[in-house]
>>> print(open('data36.txt').read())   # compact mmCIF, C-alpha atoms and all ligand atoms
# COMPACT_ATOMS: atom_id res chain seq x y z
CA MET F 910 4.31 -23.49 -6.46
CA SER F 911 1.07 -24.96 -5.13
CA GLU F 912 -1.49 -23.11 -3.05
CA THR F 913 -0.92 -25.53 -0.19
CA MET F 914 2.48 -23.91 0.34
CA ILE F 915 0.84 -20.60 1.16
CA SER F 916 0.55 -20.32 4.91
CA GLU F 917 -2.50 -18.86 6.67
CA ALA F 918 -0.10 -16.33 8.17
CA THR F 919 0.80 -14.94 4.74
CA ALA F 920 -1.03 -11.84 3.50
CA VAL F 921 0.91 -11.33 0.26
CA ARG F 922 3.55 -13.35 -1.50
CA LEU F 923 5.56 -12.55 -4.61
CA ALA F 924 7.58 -15.33 -6.23
CA ASP F 925 10.18 -14.44 -8.88
CA VAL F 926 8.18 -11.45 -10.03
CA SER F 927 9.62 -9.54 -12.97
CA LYS F 928 8.09 -6.63 -14.81
CA VAL F 929 9.47 -5.45 -18.14
CA TYR F 930 8.07 -2.34 -19.81
CA GLY F 931 8.51 -1.97 -23.56
CA ARG F 932 10.26 -4.31 -25.97
CA GLY F 933 13.59 -4.88 -27.65
CA GLY F 934 16.19 -2.16 -27.21
CA ALA F 935 13.70 0.09 -25.39
CA ALA F 936 12.79 -2.56 -22.77
CA VAL F 937 13.10 -1.49 -19.13
CA THR F 938 13.24 -4.13 -16.40
CA ALA F 939 11.38 -2.37 -13.56
CA LEU F 940 11.26 -5.47 -11.33
CA ASP F 941 13.82 -8.24 -11.58
CA GLN F 942 12.98 -11.61 -9.97
CA VAL F 943 11.53 -10.22 -6.73
CA SER F 944 10.46 -12.77 -4.12
CA ILE F 945 9.04 -11.68 -0.77
CA THR F 946 6.43 -12.70 1.80
CA LEU F 947 4.44 -10.24 3.87
CA ALA F 948 3.06 -11.70 7.09
CA ARG F 949 -0.50 -10.94 8.17
CA GLY F 950 -0.61 -8.08 10.61
CA SER F 951 2.78 -6.69 9.54
CA PHE F 952 3.69 -3.14 8.54
CA THR F 953 6.28 -3.02 5.75
CA ALA F 954 7.86 0.03 4.16
CA VAL F 955 9.34 -0.08 0.65
CA MET F 956 12.22 2.29 -0.05
CA GLY F 957 14.74 2.79 -2.81
CA PRO F 958 16.18 5.40 -5.15
CA SER F 959 13.95 7.05 -7.75
CA GLY F 960 13.24 4.57 -10.55
CA SER F 961 14.19 1.53 -8.42
CA GLY F 962 10.77 -0.08 -8.95
CA LYS F 963 8.82 0.84 -5.80
CA SER F 964 5.59 1.85 -7.55
CA THR F 965 5.83 -1.11 -9.92
CA PHE F 966 6.27 -3.40 -6.90
CA LEU F 967 3.20 -1.93 -5.21
CA HIS F 968 1.13 -2.10 -8.39
CA CYS F 969 2.02 -5.75 -9.02
CA ALA F 970 1.47 -6.74 -5.36
CA ALA F 971 -1.94 -4.99 -5.32
CA GLY F 972 -3.22 -6.45 -8.59
CA LEU F 973 -3.20 -3.04 -10.29
CA ASP F 974 -0.68 -4.30 -12.83
CA ARG F 975 0.28 -7.78 -14.02
CA PRO F 976 3.87 -9.03 -13.79
CA THR F 977 5.64 -10.06 -16.98
CA SER F 978 6.65 -13.28 -15.19
CA GLY F 979 6.37 -14.75 -11.72
CA ASN F 980 3.37 -15.05 -9.39
CA VAL F 981 1.60 -12.90 -6.82
CA TRP F 982 -0.69 -14.38 -4.15
CA LEU F 983 -3.09 -12.44 -2.02
CA GLY F 984 -3.77 -14.88 0.81
CA SER F 985 -4.23 -18.14 -1.09
CA THR F 986 -5.44 -16.49 -4.31
CA ASP F 987 -3.01 -16.58 -7.23
CA LEU F 988 -3.69 -13.27 -8.98
CA SER F 989 -2.43 -14.61 -12.32
CA SER F 990 -5.34 -17.08 -12.30
CA LEU F 991 -7.91 -14.24 -12.27
CA LYS F 992 -9.51 -12.65 -15.30
CA GLU F 993 -9.88 -8.87 -15.38
CA THR F 994 -13.38 -8.72 -13.82
CA ALA F 995 -12.39 -11.03 -10.95
CA LEU F 996 -9.24 -9.00 -10.37
CA THR F 997 -11.30 -5.79 -10.25
CA ALA F 998 -13.65 -7.35 -7.69
CA LEU F 999 -10.69 -8.58 -5.63
CA ARG F 1000 -9.16 -5.09 -5.56
CA ARG F 1001 -12.48 -3.64 -4.41
CA GLU F 1002 -13.21 -6.24 -1.75
CA ARG F 1003 -9.87 -7.45 -0.44
CA VAL F 1004 -7.44 -4.59 -0.96
CA GLY F 1005 -7.39 -1.07 0.48
CA PHE F 1006 -5.56 1.86 -1.14
CA VAL F 1007 -4.23 5.09 0.32
CA PHE F 1008 -2.61 7.47 -2.17
CA GLN F 1009 -0.60 10.67 -1.76
CA ALA F 1010 -3.45 12.64 -3.38
CA TYR F 1011 -6.22 11.17 -1.10
CA ASN F 1012 -8.49 10.44 -4.13
CA LEU F 1013 -11.74 11.25 -2.33
CA LEU F 1014 -14.91 11.99 -4.30
CA PRO F 1015 -15.56 15.73 -3.85
CA ALA F 1016 -19.38 15.57 -4.06
CA LEU F 1017 -19.70 12.89 -1.38
CA THR F 1018 -19.66 13.49 2.38
CA VAL F 1019 -17.00 11.98 4.61
CA GLU F 1020 -19.34 9.13 5.58
CA GLN F 1021 -20.33 8.46 1.96
CA ASN F 1022 -16.66 8.41 0.92
CA ILE F 1023 -15.78 5.99 3.71
CA THR F 1024 -18.61 3.58 2.91
CA LEU F 1025 -18.28 3.80 -0.89
CA PRO F 1026 -16.23 0.57 -1.29
CA LEU F 1027 -18.94 -1.34 0.60
CA ARG F 1028 -21.72 0.10 -1.53
CA LEU F 1029 -19.79 -0.56 -4.75
CA SER F 1030 -19.54 -4.24 -3.86
CA GLY F 1031 -23.11 -4.49 -2.59
CA ARG F 1032 -22.12 -5.10 1.02
CA ALA F 1033 -24.06 -3.84 4.02
CA VAL F 1034 -22.50 -1.20 6.25
CA GLU F 1035 -21.82 -2.71 9.67
CA ARG F 1036 -22.71 0.26 11.84
CA ASP F 1037 -20.64 -0.81 14.88
CA TRP F 1038 -17.54 -1.36 12.78
CA LEU F 1039 -18.04 1.94 10.95
CA ARG F 1040 -18.35 3.74 14.30
CA GLU F 1041 -15.15 2.11 15.54
CA VAL F 1042 -13.24 2.99 12.36
CA VAL F 1043 -14.48 6.57 12.40
CA ALA F 1044 -13.63 6.97 16.09
CA ASN F 1045 -10.13 5.60 15.56
CA VAL F 1046 -9.36 7.97 12.71
CA GLY F 1047 -10.79 10.85 14.77
CA LEU F 1048 -13.49 11.95 12.33
CA GLY F 1049 -16.60 11.38 14.41
CA ASP F 1050 -17.68 15.01 14.21
CA ARG F 1051 -16.96 15.39 10.49
CA LEU F 1052 -19.14 12.71 8.92
CA THR F 1053 -21.47 15.10 7.10
CA HIS F 1054 -18.67 17.36 5.83
CA LEU F 1055 -17.39 17.43 2.25
CA PRO F 1056 -13.70 16.71 1.54
CA SER F 1057 -13.17 20.37 0.55
CA GLU F 1058 -14.10 21.35 4.12
CA LEU F 1059 -11.28 19.25 5.58
CA SER F 1060 -7.53 19.76 6.02
CA GLY F 1061 -5.10 17.56 4.09
CA GLY F 1062 -4.42 15.44 7.16
CA GLN F 1063 -8.14 14.95 7.76
CA GLN F 1064 -8.68 14.00 4.11
CA GLN F 1065 -5.94 11.40 4.38
CA ARG F 1066 -7.61 10.03 7.52
CA VAL F 1067 -10.84 9.67 5.53
CA ALA F 1068 -8.87 7.76 2.90
CA ILE F 1069 -7.45 5.46 5.61
CA ALA F 1070 -10.95 4.89 7.04
CA ARG F 1071 -12.24 4.10 3.52
CA ALA F 1072 -9.40 1.60 3.06
CA LEU F 1073 -10.04 0.02 6.48
CA VAL F 1074 -13.82 -0.27 6.38
CA THR F 1075 -13.84 -3.34 4.12
CA ARG F 1076 -11.36 -5.13 6.48
CA PRO F 1077 -9.05 -5.74 3.50
CA ASP F 1078 -6.40 -8.46 3.37
CA VAL F 1079 -3.84 -5.72 2.76
CA MET F 1080 -3.76 -1.95 2.81
CA PHE F 1081 -1.39 -0.42 0.23
CA ALA F 1082 -0.19 3.13 0.83
CA ASP F 1083 1.77 5.04 -1.82
CA GLU F 1084 3.63 8.03 -0.29
CA PRO F 1085 0.69 8.62 2.10
CA THR F 1086 2.42 11.57 3.77
CA GLY F 1087 3.93 13.05 0.60
CA ALA F 1088 1.52 16.00 0.52
CA LEU F 1089 1.45 16.66 4.28
CA ASP F 1090 3.53 18.80 6.61
CA THR F 1091 5.78 16.98 9.08
CA ARG F 1092 3.45 17.16 12.07
CA THR F 1093 0.32 16.10 10.16
CA GLY F 1094 2.34 13.42 8.40
CA LYS F 1095 3.35 11.96 11.77
CA GLN F 1096 -0.31 11.80 12.83
CA VAL F 1097 -1.16 9.87 9.66
CA LEU F 1098 1.79 7.51 10.18
CA GLY F 1099 0.74 7.01 13.81
CA LEU F 1100 -2.72 6.11 12.54
CA LEU F 1101 -1.32 3.54 10.09
CA ARG F 1102 0.68 2.07 12.97
CA THR F 1103 -2.51 1.90 15.07
CA VAL F 1104 -4.37 0.19 12.25
CA VAL F 1105 -1.71 -2.57 12.31
CA THR F 1106 -1.36 -2.85 16.08
CA ARG F 1107 -5.02 -2.50 17.11
CA PHE F 1108 -6.82 -4.14 14.19
CA GLY F 1109 -4.16 -6.60 13.00
CA GLN F 1110 -4.30 -4.99 9.56
CA THR F 1111 -1.47 -5.68 7.08
CA VAL F 1112 0.06 -2.52 5.60
CA LEU F 1113 2.56 -2.06 2.76
CA MET F 1114 3.74 1.52 2.31
CA VAL F 1115 6.00 3.06 -0.34
CA THR F 1116 7.91 6.05 0.99
CA HIS F 1117 10.98 8.20 0.38
CA ASP F 1118 11.11 9.32 4.00
CA PRO F 1119 13.28 7.45 6.56
CA VAL F 1120 11.13 8.82 9.41
CA ALA F 1121 7.97 7.44 7.75
CA ALA F 1122 9.72 4.10 7.19
CA SER F 1123 10.63 3.95 10.90
CA TYR F 1124 6.93 3.49 11.77
CA ALA F 1125 7.03 0.12 9.98
CA ASP F 1126 8.15 -3.22 11.44
CA ARG F 1127 10.30 -3.91 8.42
CA VAL F 1128 11.84 -1.90 5.60
CA VAL F 1129 12.71 -3.49 2.26
CA PHE F 1130 15.06 -1.65 -0.07
CA LEU F 1131 14.84 -1.87 -3.84
CA ALA F 1132 17.68 -0.99 -6.20
CA ASP F 1133 17.44 -1.46 -9.98
CA GLY F 1134 14.30 -3.56 -9.55
CA ARG F 1135 15.88 -6.01 -7.12
CA LEU F 1136 15.51 -6.49 -3.39
CA ALA F 1137 18.81 -5.07 -2.22
CA ASP F 1138 18.47 -5.08 1.57
CA GLU F 1139 16.03 -5.21 4.46
CA LEU F 1140 15.83 -4.04 8.05
CA TYR F 1141 13.60 -4.97 10.97
CA GLN F 1142 12.61 -2.51 13.72
CA PRO F 1143 14.13 0.32 11.70
CA SER F 1144 15.30 3.63 13.14
CA PRO F 1145 15.30 6.71 10.87
CA GLU F 1146 19.09 7.00 11.19
CA VAL F 1147 19.82 3.44 10.10
CA VAL F 1148 17.28 3.69 7.26
CA ALA F 1149 18.91 6.91 6.03
CA GLU F 1150 22.33 5.32 6.21
CA ARG F 1151 21.20 2.30 4.15
CA MET F 1152 19.63 4.64 1.57
CA THR F 1153 22.89 6.54 1.27
CA ARG F 1154 24.65 3.26 0.59
CA LEU F 1155 22.16 2.48 -2.20
CA GLY F 1156 23.14 5.69 -3.94
CA GLU F 1157 21.55 9.03 -4.49
CA TRP F 1158 17.88 9.40 -3.41
N1 LIG F 1201 4.54 2.52 -17.89
C1 LIG F 1201 5.87 2.48 -18.00
N2 LIG F 1201 6.47 2.38 -19.20
C2 LIG F 1201 7.80 2.34 -19.32
N3 LIG F 1201 8.67 2.36 -18.28
C3 LIG F 1201 8.13 2.46 -17.06
C4 LIG F 1201 6.71 2.54 -16.84
N4 LIG F 1201 6.49 2.63 -15.50
C5 LIG F 1201 7.71 2.63 -14.92
N5 LIG F 1201 8.69 2.52 -15.84
C6 LIG F 1201 10.14 2.45 -15.57
O1 LIG F 1201 10.36 1.40 -14.64
C7 LIG F 1201 11.35 1.77 -13.68
C8 LIG F 1201 10.76 1.68 -12.27
O2 LIG F 1201 9.75 2.68 -12.13
P1 LIG F 1201 8.92 2.90 -10.79
O3 LIG F 1201 7.93 3.98 -11.05
O4 LIG F 1201 8.40 1.59 -10.32
O5 LIG F 1201 10.06 3.39 -9.79
P2 LIG F 1201 9.93 4.12 -8.37
O6 LIG F 1201 10.98 3.51 -7.51
O7 LIG F 1201 8.53 4.05 -7.89
O8 LIG F 1201 10.32 5.62 -8.73
P3 LIG F 1201 9.97 7.01 -8.00
O9 LIG F 1201 10.56 6.95 -6.63
O10 LIG F 1201 10.68 8.03 -8.87
O11 LIG F 1201 8.48 7.17 -8.01
C9 LIG F 1201 11.82 3.16 -14.07
O12 LIG F 1201 12.98 3.03 -14.86
C10 LIG F 1201 10.66 3.70 -14.89
O13 LIG F 1201 11.13 4.65 -15.84
>>> encode(input="data36.txt", output="structure tokens", more="lines below")
Ligand SMILES: Nc1ncnc2c1ncn2[C@@H]1O[C@H](COP(=O)(O)OP(=O)(O)OP(=O)(O)O)[C@@H](O)[C@H]1O
Amino acid sequence: MSETMISEATAVRLADVSKVYGRGGAAVTALDQVSITLARGSFTAVMGPSGSGKSTFLHCAAGLDRPTSGNVWLGSTDLSSLKETALTALRRERVGFVFQAYNLLPALTVEQNITLPLRLSGRAVERDWLREVVANVGLGDRLTHLPSELSGGQQQRVAIARALVTRPDVMFADEPTGALDTRTGKQVLGLLRTVVTRFGQTVLMVTHDPVAASYADRVVFLADGRLADELYQPSPEVVAERMTRLGEW
């Protein structure tokens, strides 16, 4: 497929992506010919039973792992064309990550954590944009604090601000509410929704939780490494019902 077929409106595209771990009799097909397009400014949740390939999907889409076959584009960049150093730079500059475990640096203040990706890639901190990001995540009065002085929900909001500050092509979130209580989790999900609606950010989130998935515009379901189903404008009830149909989760 040529780059000219990649539309400006496309943030991420996977074409016939397969990922096989191991060889011979021990080989596991974690992703099996997955093709999908994520539009710019969309919020997509990825669901599926344990072992269905969700993390592998996220890792391949984010350039953290290379597919065994098939292609991944971030915007018009074919990730398979990039050598390791270029891929590392792309992850730093064009992709944002939010993990279940926050992954903040404990010795750095909130502000230093948020601006770290900019400093790592030698980019200047745009003060107005930083102020806007910090205000939107509700951390304006915490900038000089250390992560250990924050609640889990606040730490996750720092992680979201850190992912947003570079204005990435895509923000990838892996179980972002997995370590949070229900109420705090809903605040974090509301923030991800805001990031999409207010800033036009593209978000892809892996989750086990139908309520979390209902904050997305679209839910895609994986089963045995294949795209098994999808839903637009999902409600928690319909998501839960589809998950039940896919088997135990
Ligand atoms: N590094 C690896 N080596 C071998 N097999 C792997 C590796 N990583 C994942 N797998 C296998 O690939 C399949 C998909 O795994 P993956 O972690 O993507 O699923 P998942 O849907 O994210 O699961 P969970 O919900 O339990 O986190 C599983 O069968 C898993 O055992």
>>> residues_around(input="data36.txt", residues="Asp987 in chain F", least_positions_apart="2", cutoff="10 Å", atoms="all atoms listed in the file", output="list of chain:residue names")
F:Ser911, F:Glu912, F:Val921, F:Arg922, F:Leu923, F:Asn980, F:Val981, F:Trp982, F:Leu983, F:Gly984, F:Ser985, F:Ser989, F:Ser990, F:Leu991
>>> closest_residue(input="data36.txt", among="F:Leu973, F:Leu1136, F:Ala936, F:Ala998", to="ligand LIG 1201 (chain F)", atoms="only C-alpha atoms and all ligand atoms")
F:Ala936
>>> closest_residue(input="data36.txt", among="F:Gln1110, F:Thr1116, F:Ser978, F:Ser944", to="ligand LIG 1201 (chain F)", atoms="only C-alpha atoms and all ligand atoms")
F:Thr1116
>>> residues_near_ligand(input="data36.txt", ligand="ligand LIG 1201 (chain F)", cutoff="10 Å", atoms="all atoms listed in the file", output="ChimeraX atom specification")
/F:928-932,935-940,955-969,974,1083-1084,1115-1117,1130-1134,1158
>>> atom_distance(input="data36.txt", atom1="CA of Ala954 in chain F", atom2="CA of Ala1125 in chain F")
5.9 Å
>>> residues_around(input="data36.txt", residues="range 1033-1045 of chain F", least_positions_apart="4", cutoff="12 Å", atoms="all atoms listed in the file", output="ChimeraX atom specification")
/F:1019-1029,1049-1052,1063,1066-1076,1096-1097,1099-1104,1107-1108
>>> write_last_selection(input="data36.txt", atoms="C-alpha atoms", output="PDB file, in the frame of the given file")
ATOM      1  CA  VAL F1019     -17.000  11.980   4.610  1.00  0.00           C
ATOM      2  CA  GLU F1020     -19.340   9.130   5.580  1.00  0.00           C
ATOM      3  CA  GLN F1021     -20.330   8.460   1.960  1.00  0.00           C
ATOM      4  CA  ASN F1022     -16.660   8.410   0.920  1.00  0.00           C
ATOM      5  CA  ILE F1023     -15.780   5.990   3.710  1.00  0.00           C
ATOM      6  CA  THR F1024     -18.610   3.580   2.910  1.00  0.00           C
ATOM      7  CA  LEU F1025     -18.280   3.800  -0.890  1.00  0.00           C
ATOM      8  CA  PRO F1026     -16.230   0.570  -1.290  1.00  0.00           C
ATOM      9  CA  LEU F1027     -18.940  -1.340   0.600  1.00  0.00           C
ATOM     10  CA  ARG F1028     -21.720   0.100  -1.530  1.00  0.00           C
ATOM     11  CA  LEU F1029     -19.790  -0.560  -4.750  1.00  0.00           C
ATOM     12  CA  GLY F1049     -16.600  11.380  14.410  1.00  0.00           C
ATOM     13  CA  ASP F1050     -17.680  15.010  14.210  1.00  0.00           C
ATOM     14  CA  ARG F1051     -16.960  15.390  10.490  1.00  0.00           C
ATOM     15  CA  LEU F1052     -19.140  12.710   8.920  1.00  0.00           C
ATOM     16  CA  GLN F1063      -8.140  14.950   7.760  1.00  0.00           C
ATOM     17  CA  ARG F1066      -7.610  10.030   7.520  1.00  0.00           C
ATOM     18  CA  VAL F1067     -10.840   9.670   5.530  1.00  0.00           C
ATOM     19  CA  ALA F1068      -8.870   7.760   2.900  1.00  0.00           C
ATOM     20  CA  ILE F1069      -7.450   5.460   5.610  1.00  0.00           C
ATOM     21  CA  ALA F1070     -10.950   4.890   7.040  1.00  0.00           C
ATOM     22  CA  ARG F1071     -12.240   4.100   3.520  1.00  0.00           C
ATOM     23  CA  ALA F1072      -9.400   1.600   3.060  1.00  0.00           C
ATOM     24  CA  LEU F1073     -10.040   0.020   6.480  1.00  0.00           C
ATOM     25  CA  VAL F1074     -13.820  -0.270   6.380  1.00  0.00           C
ATOM     26  CA  THR F1075     -13.840  -3.340   4.120  1.00  0.00           C
ATOM     27  CA  ARG F1076     -11.360  -5.130   6.480  1.00  0.00           C
ATOM     28  CA  GLN F1096      -0.310  11.800  12.830  1.00  0.00           C
ATOM     29  CA  VAL F1097      -1.160   9.870   9.660  1.00  0.00           C
ATOM     30  CA  GLY F1099       0.740   7.010  13.810  1.00  0.00           C
ATOM     31  CA  LEU F1100      -2.720   6.110  12.540  1.00  0.00           C
ATOM     32  CA  LEU F1101      -1.320   3.540  10.090  1.00  0.00           C
ATOM     33  CA  ARG F1102       0.680   2.070  12.970  1.00  0.00           C
ATOM     34  CA  THR F1103      -2.510   1.900  15.070  1.00  0.00           C
ATOM     35  CA  VAL F1104      -4.370   0.190  12.250  1.00  0.00           C
ATOM     36  CA  ARG F1107      -5.020  -2.500  17.110  1.00  0.00           C
ATOM     37  CA  PHE F1108      -6.820  -4.140  14.190  1.00  0.00           C
TER      38      PHE F1108
END
>>> atom_distance(input="data36.txt", atom1="CA of Gly1109 in chain F", atom2="CA of Asp1090 in chain F")
27.3 Å
>>> residues_around(input="data36.txt", residues="Val1004 in chain F", least_positions_apart="3", cutoff="9 Å", atoms="all atoms listed in the file", output="PDB file with C-alpha atoms, in the frame of the given file")
ATOM      1  CA  ALA F 971      -1.940  -4.990  -5.320  1.00  0.00           C
ATOM      2  CA  GLY F 972      -3.220  -6.450  -8.590  1.00  0.00           C
ATOM      3  CA  LEU F 999     -10.690  -8.580  -5.630  1.00  0.00           C
ATOM      4  CA  ARG F1000      -9.160  -5.090  -5.560  1.00  0.00           C
ATOM      5  CA  ARG F1001     -12.480  -3.640  -4.410  1.00  0.00           C
ATOM      6  CA  ALA F1072      -9.400   1.600   3.060  1.00  0.00           C
ATOM      7  CA  THR F1075     -13.840  -3.340   4.120  1.00  0.00           C
ATOM      8  CA  ARG F1076     -11.360  -5.130   6.480  1.00  0.00           C
ATOM      9  CA  PRO F1077      -9.050  -5.740   3.500  1.00  0.00           C
ATOM     10  CA  ASP F1078      -6.400  -8.460   3.370  1.00  0.00           C
ATOM     11  CA  VAL F1079      -3.840  -5.720   2.760  1.00  0.00           C
ATOM     12  CA  MET F1080      -3.760  -1.950   2.810  1.00  0.00           C
ATOM     13  CA  PHE F1081      -1.390  -0.420   0.230  1.00  0.00           C
TER      14      PHE F1081
END
>>> atom_distance(input="data36.txt", atom1="CA of Val943 in chain F", atom2="CA of Ser927 in chain F")
6.6 Å
>>> closest_residue(input="data36.txt", among="F:Gly1047, F:Gly979, F:Gly1156, F:Gly950", to="Ala918 in chain F", atoms="all atoms listed in the file")
F:Gly950
>>> residues_near_point(input="data36.txt", point="(7.7, 15.1, 8.1)", cutoff="12 Å", atoms="all atoms listed in the file", output="ChimeraX atom specification")
/F:1084-1098,1116-1123,1145
>>> closest_residue(input="data36.txt", among="F:Leu1013, F:Arg1003, F:Asp925, F:Thr1111", to="Asp941 in chain F", atoms="all atoms listed in the file")
F:Asp925
